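upload13.cif, holding mmCIF, C-alpha atoms, pLDDT in the B column; chains and numbers go by the auth columns:
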data_data
loop_
_atom_site.group_PDB
_atom_site.id
_atom_site.type_symbol
_atom_site.label_atom_id
_atom_site.label_comp_id
_atom_site.label_asym_id
_atom_site.label_seq_id
_atom_site.Cartn_x
_atom_site.Cartn_y
_atom_site.Cartn_z
_atom_site.B_iso_or_equiv
_atom_site.auth_seq_id
_atom_site.auth_asym_id
ATOM 1 C CA MET A 1 15.101 113.007 -132.627 39.00 202 R
ATOM 2 C CA SER A 2 16.175 116.518 -131.664 41.00 203 R
ATOM 3 C CA ARG A 3 17.243 117.032 -128.077 44.00 204 R
ATOM 4 C CA VAL A 4 17.417 120.620 -126.794 47.00 205 R
ATOM 5 C CA ASP A 5 19.982 121.610 -124.207 50.00 206 R
ATOM 6 C CA ALA A 6 19.122 124.118 -121.478 52.00 207 R
ATOM 7 C CA ALA A 7 21.804 126.604 -122.519 53.00 208 R
ATOM 8 C CA PRO A 8 20.348 127.491 -125.967 53.00 209 R
ATOM 9 C CA ILE A 9 16.844 127.629 -124.480 58.00 210 R
ATOM 10 C CA MET A 10 17.944 130.587 -122.369 58.00 211 R
ATOM 11 C CA PRO A 11 21.154 131.984 -123.881 62.00 212 R
ATOM 12 C CA GLN A 12 21.788 134.461 -121.095 60.00 213 R
ATOM 13 C CA LEU A 13 22.043 131.677 -118.492 65.00 214 R
ATOM 14 C CA GLY A 14 25.798 131.944 -118.566 68.00 215 R
ATOM 15 C CA GLY A 15 25.689 135.641 -117.780 76.00 216 R
ATOM 16 C CA LEU A 16 23.132 135.594 -114.978 82.00 217 R
ATOM 17 C CA PRO A 17 24.298 135.623 -111.361 87.00 218 R
ATOM 18 C CA ALA A 18 24.122 132.375 -109.450 90.00 219 R
ATOM 19 C CA VAL A 19 22.157 131.483 -106.349 90.00 220 R
ATOM 20 C CA GLY A 20 23.153 128.629 -104.065 91.00 221 R
ATOM 21 C CA LEU A 21 20.800 125.940 -102.853 85.00 222 R
ATOM 22 C CA GLU A 22 20.870 127.122 -99.233 84.00 223 R
ATOM 23 C CA GLU A 23 19.905 130.674 -100.162 85.00 224 R
ATOM 24 C CA LEU A 24 17.242 129.484 -102.576 84.00 225 R
ATOM 25 C CA THR A 25 15.771 127.217 -99.918 81.00 226 R
ATOM 26 C CA THR A 26 15.748 130.057 -97.398 78.00 227 R
ATOM 27 C CA GLU A 27 14.391 132.753 -99.683 74.00 228 R
ATOM 28 C CA ALA A 28 11.991 130.803 -101.882 67.00 229 R
ATOM 29 C CA ALA A 29 11.384 127.325 -100.506 62.00 230 R
ATOM 30 C CA LEU A 30 7.656 127.711 -101.215 52.00 231 R
ATOM 31 C CA LEU A 31 6.633 124.283 -99.998 50.00 232 R
ATOM 32 C CA THR A 32 3.139 125.799 -99.896 52.00 233 R
ATOM 33 C CA ARG A 33 2.638 127.525 -103.209 67.00 234 R
ATOM 34 C CA VAL A 34 0.594 128.062 -106.348 79.00 235 R
ATOM 35 C CA ASP A 35 2.067 126.331 -109.382 83.00 236 R
ATOM 36 C CA ARG A 36 1.371 127.552 -112.909 91.00 237 R
ATOM 37 C CA LYS A 37 2.541 125.309 -115.713 92.00 238 R
ATOM 38 C CA TYR A 38 3.197 125.961 -119.368 94.00 239 R
ATOM 39 C CA LEU A 39 3.943 123.600 -122.243 92.00 240 R
ATOM 40 C CA VAL A 40 6.117 125.658 -124.576 91.00 241 R
ATOM 41 C CA PRO A 41 7.715 124.710 -127.915 89.00 242 R
ATOM 42 C CA SER A 42 11.470 124.973 -127.541 88.00 243 R
ATOM 43 C CA ALA A 43 11.870 127.662 -130.210 87.00 244 R
ATOM 44 C CA THR A 44 9.174 129.788 -128.543 89.00 245 R
ATOM 45 C CA ALA A 45 10.798 129.293 -125.138 89.00 246 R
ATOM 46 C CA ARG A 46 14.138 130.513 -126.482 86.00 247 R
ATOM 47 C CA GLN A 47 12.558 133.631 -127.917 87.00 248 R
ATOM 48 C CA ILE A 48 10.468 134.484 -124.850 88.00 249 R
ATOM 49 C CA LEU A 49 13.122 133.774 -122.248 85.00 250 R
ATOM 50 C CA SER A 50 15.775 135.719 -124.131 84.00 251 R
ATOM 51 C CA THR A 51 13.649 138.887 -123.707 87.00 252 R
ATOM 52 C CA PHE A 52 12.894 138.355 -120.024 88.00 253 R
ATOM 53 C CA SER A 53 14.468 141.409 -118.415 81.00 254 R
ATOM 54 C CA THR A 54 13.409 140.935 -114.788 85.00 255 R
ATOM 55 C CA GLU A 55 16.308 140.323 -112.414 89.00 256 R
ATOM 56 C CA ALA A 56 16.860 136.593 -112.168 89.00 257 R
ATOM 57 C CA ARG A 57 19.428 134.286 -110.635 91.00 258 R
ATOM 58 C CA VAL A 58 20.164 130.700 -111.586 91.00 259 R
ATOM 59 C CA LEU A 59 20.592 127.836 -109.159 92.00 260 R
ATOM 60 C CA GLU A 60 24.202 126.712 -109.354 91.00 261 R
ATOM 61 C CA MET A 61 25.875 123.850 -107.515 90.00 262 R
ATOM 62 C CA ASP A 62 29.451 122.700 -108.089 89.00 263 R
ATOM 63 C CA GLY A 63 29.598 124.795 -111.239 88.00 264 R
ATOM 64 C CA LYS A 64 26.499 123.169 -112.763 90.00 265 R
ATOM 65 C CA ARG A 65 23.248 124.929 -113.640 90.00 266 R
ATOM 66 C CA THR A 66 21.213 122.064 -115.084 91.00 267 R
ATOM 67 C CA PHE A 67 20.377 119.010 -112.995 93.00 268 R
ATOM 68 C CA ALA A 68 18.919 115.588 -113.690 95.00 269 R
ATOM 69 C CA TYR A 69 15.790 114.537 -111.782 96.00 270 R
ATOM 70 C CA ASP A 70 14.207 111.114 -111.408 97.00 271 R
ATOM 71 C CA SER A 71 10.721 110.669 -109.914 97.00 272 R
ATOM 72 C CA VAL A 72 8.776 107.479 -109.236 98.00 273 R
ATOM 73 C CA TYR A 73 5.036 107.828 -108.624 98.00 274 R
ATOM 74 C CA PHE A 74 3.028 105.393 -106.516 97.00 275 R
ATOM 75 C CA ASP A 75 -0.668 104.563 -106.600 95.00 276 R
ATOM 76 C CA THR A 76 -3.126 101.957 -105.377 92.00 277 R
ATOM 77 C CA PRO A 77 -4.181 98.996 -107.546 92.00 278 R
ATOM 78 C CA GLY A 78 -7.376 100.953 -108.270 92.00 279 R
ATOM 79 C CA LEU A 79 -5.382 104.104 -109.203 93.00 280 R
ATOM 80 C CA ASP A 80 -7.044 106.201 -106.483 90.00 281 R
ATOM 81 C CA SER A 81 -4.455 108.967 -106.716 92.00 282 R
ATOM 82 C CA TYR A 82 -4.838 109.283 -110.480 93.00 283 R
ATOM 83 C CA LEU A 83 -8.634 109.069 -110.519 91.00 284 R
ATOM 84 C CA LEU A 84 -9.062 111.626 -107.739 88.00 285 R
ATOM 85 C CA ALA A 85 -6.942 114.022 -109.797 88.00 286 R
ATOM 86 C CA ALA A 86 -8.749 113.183 -113.048 87.00 287 R
ATOM 87 C CA HIS A 87 -12.117 114.027 -111.502 84.00 288 R
ATOM 88 C CA GLY A 88 -10.863 117.123 -109.674 75.00 289 R
ATOM 89 C CA ARG A 89 -11.606 115.892 -106.170 73.00 290 R
ATOM 90 C CA ARG A 90 -10.507 118.185 -103.365 72.00 291 R
ATOM 91 C CA ARG A 91 -8.934 115.452 -101.225 77.00 292 R
ATOM 92 C CA ARG A 92 -6.539 114.376 -103.925 84.00 293 R
ATOM 93 C CA PHE A 93 -2.970 113.456 -103.195 90.00 294 R
ATOM 94 C CA LYS A 94 0.255 112.480 -104.946 93.00 295 R
ATOM 95 C CA ILE A 95 2.976 110.185 -103.645 96.00 296 R
ATOM 96 C CA ARG A 96 6.406 109.962 -105.176 97.00 297 R
ATOM 97 C CA THR A 97 10.076 109.569 -104.562 98.00 298 R
ATOM 98 C CA ARG A 98 12.233 112.281 -106.045 97.00 299 R
ATOM 99 C CA THR A 99 15.913 111.679 -106.660 97.00 300 R
ATOM 100 C CA TYR A 100 18.444 114.343 -107.536 95.00 301 R
ATOM 101 C CA LEU A 101 20.694 112.217 -109.701 95.00 302 R
ATOM 102 C CA ASP A 102 23.692 114.568 -109.705 92.00 303 R
ATOM 103 C CA SER A 103 23.964 114.473 -105.919 91.00 304 R
ATOM 104 C CA ALA A 104 22.427 111.008 -105.361 95.00 305 R
ATOM 105 C CA VAL A 105 19.973 112.428 -102.818 95.00 306 R
ATOM 106 C CA SER A 106 16.425 111.118 -102.596 97.00 307 R
ATOM 107 C CA PHE A 107 13.212 112.097 -100.782 98.00 308 R
ATOM 108 C CA LEU A 108 9.811 110.514 -100.247 98.00 309 R
ATOM 109 C CA GLU A 109 7.210 113.206 -100.909 97.00 310 R
ATOM 110 C CA VAL A 110 3.504 113.520 -100.206 95.00 311 R
ATOM 111 C CA LYS A 111 1.701 116.304 -102.047 90.00 312 R
ATOM 112 C CA THR A 112 -1.836 117.437 -101.235 87.00 313 R
ATOM 113 C CA GLU A 113 -3.957 120.413 -102.173 76.00 314 R
ATOM 114 C CA GLY A 114 -4.510 123.095 -99.583 61.00 315 R
ATOM 115 C CA ALA A 115 -6.662 126.201 -99.589 55.00 316 R
ATOM 116 C CA ARG A 116 -7.188 128.062 -102.873 56.00 317 R
ATOM 117 C CA GLU A 117 -5.497 125.354 -104.946 59.00 318 R
ATOM 118 C CA ALA A 118 -2.197 125.825 -103.143 62.00 319 R
ATOM 119 C CA THR A 119 0.048 122.786 -103.297 71.00 320 R
ATOM 120 C CA VAL A 120 1.320 121.496 -99.957 81.00 321 R
ATOM 121 C CA LYS A 121 4.385 119.268 -100.120 85.00 322 R
ATOM 122 C CA GLU A 122 5.841 117.339 -97.211 92.00 323 R
ATOM 123 C CA ARG A 123 8.848 115.062 -97.500 95.00 324 R
ATOM 124 C CA ILE A 124 11.442 113.037 -95.669 97.00 325 R
ATOM 125 C CA PRO A 125 14.910 111.828 -96.714 97.00 326 R
ATOM 126 C CA TYR A 126 14.811 108.443 -98.412 98.00 327 R
ATOM 127 C CA GLU A 127 17.408 105.882 -99.419 97.00 328 R
ATOM 128 C CA VAL A 128 18.287 106.119 -103.106 97.00 329 R
ATOM 129 C CA CYS A 129 18.267 102.332 -103.394 97.00 330 R
ATOM 130 C CA ASP A 130 14.607 102.326 -102.260 97.00 331 R
ATOM 131 C CA ARG A 131 13.382 105.013 -104.645 97.00 332 R
ATOM 132 C CA ASP A 132 11.301 102.595 -106.742 96.00 333 R
ATOM 133 C CA ARG A 133 9.526 101.000 -103.781 95.00 334 R
ATOM 134 C CA LEU A 134 7.842 101.957 -100.522 95.00 335 R
ATOM 135 C CA THR A 135 9.432 100.515 -97.424 95.00 336 R
ATOM 136 C CA ALA A 136 7.326 99.778 -94.336 94.00 337 R
ATOM 137 C CA GLU A 137 8.620 103.011 -92.810 95.00 338 R
ATOM 138 C CA GLY A 138 7.846 104.891 -96.012 96.00 339 R
ATOM 139 C CA LEU A 139 4.284 103.578 -96.172 93.00 340 R
ATOM 140 C CA ALA A 140 3.752 104.498 -92.515 92.00 341 R
ATOM 141 C CA TYR A 141 4.947 108.048 -93.244 94.00 342 R
ATOM 142 C CA VAL A 142 2.606 108.322 -96.241 93.00 343 R
ATOM 143 C CA ASN A 143 -0.431 107.189 -94.260 90.00 344 R
ATOM 144 C CA GLU A 144 0.382 109.409 -91.270 90.00 345 R
ATOM 145 C CA THR A 145 0.846 112.430 -93.532 90.00 346 R
ATOM 146 C CA LEU A 146 -2.353 111.826 -95.469 89.00 347 R
ATOM 147 C CA ALA A 147 -4.319 111.291 -92.250 87.00 348 R
ATOM 148 C CA ALA A 148 -3.082 114.650 -90.976 86.00 349 R
ATOM 149 C CA THR A 149 -3.804 116.531 -94.205 82.00 350 R
ATOM 150 C CA ILE A 150 -6.883 115.007 -95.847 80.00 351 R
ATOM 151 C CA GLY A 151 -8.466 112.838 -93.161 75.00 352 R
ATOM 152 C CA ASP A 152 -8.406 109.366 -91.750 67.00 353 R
ATOM 153 C CA VAL A 153 -7.349 107.317 -94.761 69.00 354 R
ATOM 154 C CA THR A 154 -5.107 104.302 -95.135 69.00 355 R
ATOM 155 C CA PHE A 155 -3.738 103.106 -98.437 71.00 356 R
ATOM 156 C CA SER A 156 -2.021 99.788 -98.871 70.00 357 R
ATOM 157 C CA PRO A 157 -0.533 98.477 -101.009 84.00 358 R
ATOM 158 C CA LEU A 158 0.994 101.282 -103.027 91.00 359 R
ATOM 159 C CA GLU A 159 2.959 100.301 -106.106 95.00 360 R
ATOM 160 C CA PRO A 160 5.045 102.239 -108.647 97.00 361 R
ATOM 161 C CA VAL A 161 2.963 103.166 -111.701 97.00 362 R
ATOM 162 C CA LEU A 162 5.074 105.759 -113.537 97.00 363 R
ATOM 163 C CA SER A 163 8.589 107.143 -113.596 97.00 364 R
ATOM 164 C CA THR A 164 9.743 110.443 -115.050 96.00 365 R
ATOM 165 C CA ARG A 165 13.163 111.863 -115.832 96.00 366 R
ATOM 166 C CA TYR A 166 14.112 115.332 -116.980 95.00 367 R
ATOM 167 C CA ASP A 167 16.801 117.988 -116.835 93.00 368 R
ATOM 168 C CA ARG A 168 15.870 121.043 -114.775 94.00 369 R
ATOM 169 C CA THR A 169 17.133 124.611 -114.612 92.00 370 R
ATOM 170 C CA THR A 170 15.828 126.681 -111.677 92.00 371 R
ATOM 171 C CA LEU A 171 15.460 130.462 -111.623 92.00 372 R
ATOM 172 C CA PHE A 172 15.116 132.605 -108.503 91.00 373 R
ATOM 173 C CA LEU A 173 13.308 135.923 -108.971 90.00 374 R
ATOM 174 C CA PRO A 174 14.328 137.887 -105.870 87.00 375 R
ATOM 175 C CA GLY A 175 12.050 140.871 -106.519 84.00 376 R
ATOM 176 C CA SER A 176 8.947 138.747 -106.053 84.00 377 R
ATOM 177 C CA GLY A 177 10.408 135.966 -103.921 82.00 378 R
ATOM 178 C CA SER A 178 9.184 133.509 -106.535 86.00 379 R
ATOM 179 C CA ARG A 179 10.997 130.922 -108.584 88.00 380 R
ATOM 180 C CA ALA A 180 10.556 129.087 -111.832 92.00 381 R
ATOM 181 C CA THR A 181 11.788 125.885 -113.369 93.00 382 R
ATOM 182 C CA ILE A 182 12.486 124.909 -116.970 93.00 383 R
ATOM 183 C CA ASP A 183 12.270 121.165 -117.593 94.00 384 R
ATOM 184 C CA ASN A 184 13.854 119.762 -120.716 91.00 385 R
ATOM 185 C CA ASP A 185 13.866 116.218 -122.165 91.00 386 R
ATOM 186 C CA VAL A 186 10.893 115.152 -120.022 94.00 387 R
ATOM 187 C CA THR A 187 10.693 111.360 -120.279 95.00 388 R
ATOM 188 C CA TRP A 188 7.792 109.158 -119.125 95.00 389 R
ATOM 189 C CA GLN A 189 7.890 105.418 -118.594 95.00 390 R
ATOM 190 C CA SER A 190 5.461 102.885 -117.173 94.00 391 R
ATOM 191 C CA PRO A 191 6.941 99.955 -115.245 91.00 392 R
ATOM 192 C CA TYR A 192 8.543 97.614 -117.781 84.00 393 R
ATOM 193 C CA GLY A 193 7.274 99.810 -120.631 87.00 394 R
ATOM 194 C CA GLN A 194 9.038 101.801 -123.324 89.00 395 R
ATOM 195 C CA PRO A 195 10.191 105.312 -122.373 91.00 396 R
ATOM 196 C CA TRP A 196 8.712 108.250 -124.289 91.00 397 R
ATOM 197 C CA VAL A 197 10.319 111.702 -124.427 91.00 398 R
ATOM 198 C CA LEU A 198 8.627 115.091 -124.815 89.00 399 R
ATOM 199 C CA ASP A 199 10.442 116.241 -127.941 86.00 400 R
ATOM 200 C CA ASN A 200 11.149 119.857 -128.944 86.00 401 R
ATOM 201 C CA ALA A 201 9.139 121.255 -126.050 90.00 402 R
ATOM 202 C CA VAL A 202 9.844 122.293 -122.487 92.00 403 R
ATOM 203 C CA VAL A 203 7.691 122.494 -119.383 94.00 404 R
ATOM 204 C CA VAL A 204 7.968 125.851 -117.644 94.00 405 R
ATOM 205 C CA GLU A 205 6.587 125.962 -114.122 93.00 406 R
ATOM 206 C CA THR A 206 6.296 129.058 -111.975 92.00 407 R
ATOM 207 C CA LYS A 207 6.011 128.781 -108.215 87.00 408 R
ATOM 208 C CA SER A 208 4.735 131.745 -106.264 82.00 409 R
ATOM 209 C CA GLY A 209 2.198 132.823 -103.686 75.00 410 R
ATOM 210 C CA SER A 210 -1.352 133.632 -104.736 75.00 411 R
ATOM 211 C CA ALA A 211 -0.274 136.486 -107.044 82.00 412 R
ATOM 212 C CA PRO A 212 1.287 135.692 -110.437 88.00 413 R
ATOM 213 C CA GLY A 213 5.021 136.295 -110.682 89.00 414 R
ATOM 214 C CA PRO A 214 6.929 138.348 -113.255 92.00 415 R
ATOM 215 C CA LEU A 215 7.658 135.361 -115.493 94.00 416 R
ATOM 216 C CA ASP A 216 3.932 134.534 -115.601 94.00 417 R
ATOM 217 C CA ARG A 217 3.161 138.041 -116.793 94.00 418 R
ATOM 218 C CA HIS A 218 5.958 137.893 -119.371 95.00 419 R
ATOM 219 C CA LEU A 219 4.666 134.599 -120.754 96.00 420 R
ATOM 220 C CA TRP A 220 1.114 135.950 -120.898 96.00 421 R
ATOM 221 C CA ALA A 221 2.282 139.062 -122.753 95.00 422 R
ATOM 222 C CA HIS A 222 3.667 136.751 -125.448 94.00 423 R
ATOM 223 C CA GLY A 223 0.468 134.756 -125.756 95.00 424 R
ATOM 224 C CA VAL A 224 1.542 131.747 -123.703 94.00 425 R
ATOM 225 C CA ARG A 225 -1.119 130.741 -121.215 93.00 426 R
ATOM 226 C CA PRO A 226 -1.050 128.200 -118.392 92.00 427 R
ATOM 227 C CA CYS A 227 -2.200 124.716 -119.273 89.00 428 R
ATOM 228 C CA ARG A 228 -3.118 121.630 -117.338 86.00 429 R
ATOM 229 C CA ILE A 229 -0.063 119.442 -117.414 89.00 430 R
ATOM 230 C CA SER A 230 1.037 117.172 -114.625 88.00 431 R
ATOM 231 C CA LYS A 231 4.094 114.995 -115.004 91.00 432 R
ATOM 232 C CA PHE A 232 2.187 112.286 -113.148 93.00 433 R
ATOM 233 C CA ALA A 233 -1.358 112.595 -114.441 91.00 434 R
ATOM 234 C CA THR A 234 -0.690 113.777 -117.993 91.00 435 R
ATOM 235 C CA GLY A 235 1.980 111.121 -118.338 92.00 436 R
ATOM 236 C CA MET A 236 -0.410 108.423 -117.111 93.00 437 R
ATOM 237 C CA ALA A 237 -3.148 109.612 -119.485 91.00 438 R
ATOM 238 C CA ALA A 238 -0.767 109.795 -122.445 89.00 439 R
ATOM 239 C CA LEU A 239 0.656 106.315 -121.863 91.00 440 R
ATOM 240 C CA HIS A 240 -2.714 104.760 -120.918 90.00 441 R
ATOM 241 C CA PRO A 241 -5.379 106.205 -123.265 88.00 442 R
ATOM 242 C CA GLU A 242 -8.013 103.934 -121.719 91.00 443 R
ATOM 243 C CA LEU A 243 -7.934 106.055 -118.541 90.00 444 R
ATOM 244 C CA PRO A 244 -10.279 109.040 -118.104 88.00 445 R
ATOM 245 C CA ALA A 245 -8.328 112.184 -118.900 82.00 446 R
ATOM 246 C CA ASN A 246 -10.976 114.807 -118.083 78.00 447 R
ATOM 247 C CA ARG A 247 -8.685 117.540 -116.828 79.00 448 R
ATOM 248 C CA TRP A 248 -5.939 117.005 -119.412 80.00 449 R
ATOM 249 C CA ASN A 249 -7.990 116.466 -122.551 80.00 450 R
ATOM 250 C CA GLN A 250 -7.122 119.873 -123.987 79.00 451 R
ATOM 251 C CA THR A 251 -3.400 119.341 -123.399 82.00 452 R
ATOM 252 C CA LEU A 252 -3.561 115.862 -124.900 80.00 453 R
ATOM 253 C CA ARG A 253 -5.579 117.089 -127.889 72.00 454 R
ATOM 254 C CA ARG A 254 -2.723 119.455 -128.670 69.00 455 R
ATOM 255 C CA ARG A 255 -0.821 116.250 -129.386 61.00 456 R
ATOM 256 C CA LEU A 256 2.036 116.148 -126.976 72.00 457 R
ATOM 257 C CA PRO A 257 5.162 115.756 -129.127 73.00 458 R
ATOM 258 C CA LEU A 258 6.085 112.348 -127.701 79.00 459 R
ATOM 259 C CA THR A 259 8.810 110.300 -129.334 82.00 460 R
ATOM 260 C CA PRO A 260 9.873 106.786 -128.314 79.00 461 R
ATOM 261 C CA LEU A 261 13.281 106.798 -126.675 73.00 462 R
ATOM 262 C CA HIS A 262 15.441 103.966 -127.956 65.00 463 R
#
Would you write out, as structure tokens, the structure that this file holds?
Amino acid sequence: MSRVDAAPIMPQLGGLPAVGLEELTTEAALLTRVDRKYLVPSATARQILSTFSTEARVLEMDGKRTFAYDSVYFDTPGLDSYLLAAHGRRRRFKIRTRTYLDSAVSFLEVKTEGAREATVKERIPYEVCDRDRLTAEGLAYVNETLAATIGDVTFSPLEPVLSTRYDRTTLFLPGSGSRATIDNDVTWQSPYGQPWVLDNAVVVETKSGSAPGPLDRHLWAHGVRPCRISKFATGMAALHPELPANRWNQTLRRRLPLTPLH
């Protein structure tokens, strides 16, 4: 199995100026944003990103520019979160813990869809040791947040259904106030199941306001178009082919290059 490091994907990473987390959070937090996602073969990503001439800065912390992420997604026994997304319902939601493995910092996040397909993310600090379960306080936060954003709903129990891991490089594009992420070695795993890795491909995600950012336009100019890929929903559909995969059929038909991770 070939594993692609972030540095050769974007060779000029070492020469780009850095941006710190505090400045990135201040200038481009974008907790309410439009996400555009691209599934790009690694060789194509190297070629396209090496010709991206727009001013960009790379998130750097403690001398590192690539960071390991771990996310655990929660759903009801009836998979309400997944099915609402699969059928494109407007009141859909996503619940996960996200852990930044390099800094051992974790959050409990609730994501909903706002106006004009904008993603709204709210989160609270969470104990790393609890990242694969919802505490009573965590469940209360989830239900309070969902009640405030999509209506009077209560979900219980909520259990972990999928975990993902990947290495992320984050770009800040100061001219547009947007940012982008490049996710490498995306790995999906169901509870107690075998992990599968997205091999020789990266997930590029742009995060901006309603208008496309400069990296979107650069990708489009090279024939790369947005696709429907969700680390939660596409991962669930890929690992559980019996589930309806309405919104991700085209992505799945392109045969995600998944390889078992031993």
### Message
Env of R:Ile325: 10 Å cut, atoms = all atoms listed in the file, seq-sep filter 6 positions within chain, self excluded. Answer as a count of residues only.
### Response
8
What residues come out when you apply the PyMOL selection byres ((chain R and resi 420) around 10) to this file, written as a PDB file with C-alpha atoms, keeping the file's coordinate frame?
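Done, and the output landed in part27.pdb:
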ATOM      1  CA  TYR R 239       3.197 125.961-119.368  1.00 94.00           C
ATOM      2  CA  VAL R 241       6.117 125.658-124.576  1.00 91.00           C
ATOM      3  CA  ALA R 246      10.798 129.293-125.138  1.00 89.00           C
ATOM      4  CA  ILE R 249      10.468 134.484-124.850  1.00 88.00           C
ATOM      5  CA  LEU R 250      13.122 133.774-122.248  1.00 85.00           C
ATOM      6  CA  PHE R 253      12.894 138.355-120.024  1.00 88.00           C
ATOM      7  CA  VAL R 405       7.968 125.851-117.644  1.00 94.00           C
ATOM      8  CA  PRO R 415       6.929 138.348-113.255  1.00 92.00           C
ATOM      9  CA  LEU R 416       7.658 135.361-115.493  1.00 94.00           C
ATOM     10  CA  ASP R 417       3.932 134.534-115.601  1.00 94.00           C
ATOM     11  CA  ARG R 418       3.161 138.041-116.793  1.00 94.00           C
ATOM     12  CA  HIS R 419       5.958 137.893-119.371  1.00 95.00           C
ATOM     13  CA  TRP R 421       1.114 135.950-120.898  1.00 96.00           C
ATOM     14  CA  ALA R 422       2.282 139.062-122.753  1.00 95.00           C
ATOM     15  CA  HIS R 423       3.667 136.751-125.448  1.00 94.00           C
ATOM     16  CA  GLY R 424       0.468 134.756-125.756  1.00 95.00           C
ATOM     17  CA  VAL R 425       1.542 131.747-123.703  1.00 94.00           C
ATOM     18  CA  ARG R 426      -1.119 130.741-121.215  1.00 93.00           C
ATOM     19  CA  PRO R 427      -1.050 128.200-118.392  1.00 92.00           C
TER      20      PRO R 427
END
### Contacts of R:Ser391 at 12 Å (all atoms listed in the file; same-chain gap of 4+ positions) as a ChimeraX atom specification
/R:272-275,333,360-366,395-397,433,436-441
### Task
Report as a list in words the full result of the PyMOL selection byres ((chain R and resi 276) around 10) when it is applied to this structure.
Tyr274, Phe275, Thr277, Pro278, Gly279, Leu280, Asp281, Ser282, Tyr283, Leu284, Phe294, Lys295, Ile296, Arg297, Phe356, Ser357, Pro358, Leu359, Glu360, Pro361, Val362 and Leu363 of chain R
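Computed from the coordinates, the atom CA of R:Ala412 to atom CA of R:Val235 distance equals 8.5 Å.
Atom to atom, atom CA of R:Thr407 and atom CA of R:Cys428 stand 12.0 Å apart.
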### Task
Choose the residue, out of R:Asp400, R:Arg334, R:Val329, R:Leu444, that has the smallest atom-to-atom separation from R:Leu457; count all atoms listed in the file.
R:Asp400
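Using only C-alpha atoms for every distance, the candidate list R:Leu240, R:Cys330, R:Ala446, R:Ala349 yields R:Leu240 as the residue closest to R:Leu399.
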#### Entry: Separation of atom CA of R:Phe268 from atom CA of R:Arg369, in Å and rounded to one decimal
5.3 Å
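Using all atoms listed in the file for every distance, the candidate list R:Thr370, R:Ser377, R:Gln451, R:Ser431 yields R:Thr370 as the residue closest to R:Val259.
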### Message
For the PyMOL selection byres ((chain R and resi 260-263) around 6), applied here, can you spell out every residue it catches as a list in words?
### Response
Ala219, Val220, Gly221, Val259, Gly264, Lys265, Arg266 and Thr371 of chain R
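Using only C-alpha atoms, the smallest distance between any of R:Arg299, R:Arg258, R:Arg293, R:His288 and R:Thr320 comes from R:Arg293.
Using all atoms listed in the file, the smallest distance between any of R:Arg292, R:Leu374, R:Gly394, R:Thr388 and R:Ala348 comes from R:Arg292.
Of the listed residues (R:Phe373, R:Thr313, R:Ala286, R:Val321), R:Phe373 comes nearest to R:Thr226; the distances count only C-alpha atoms.
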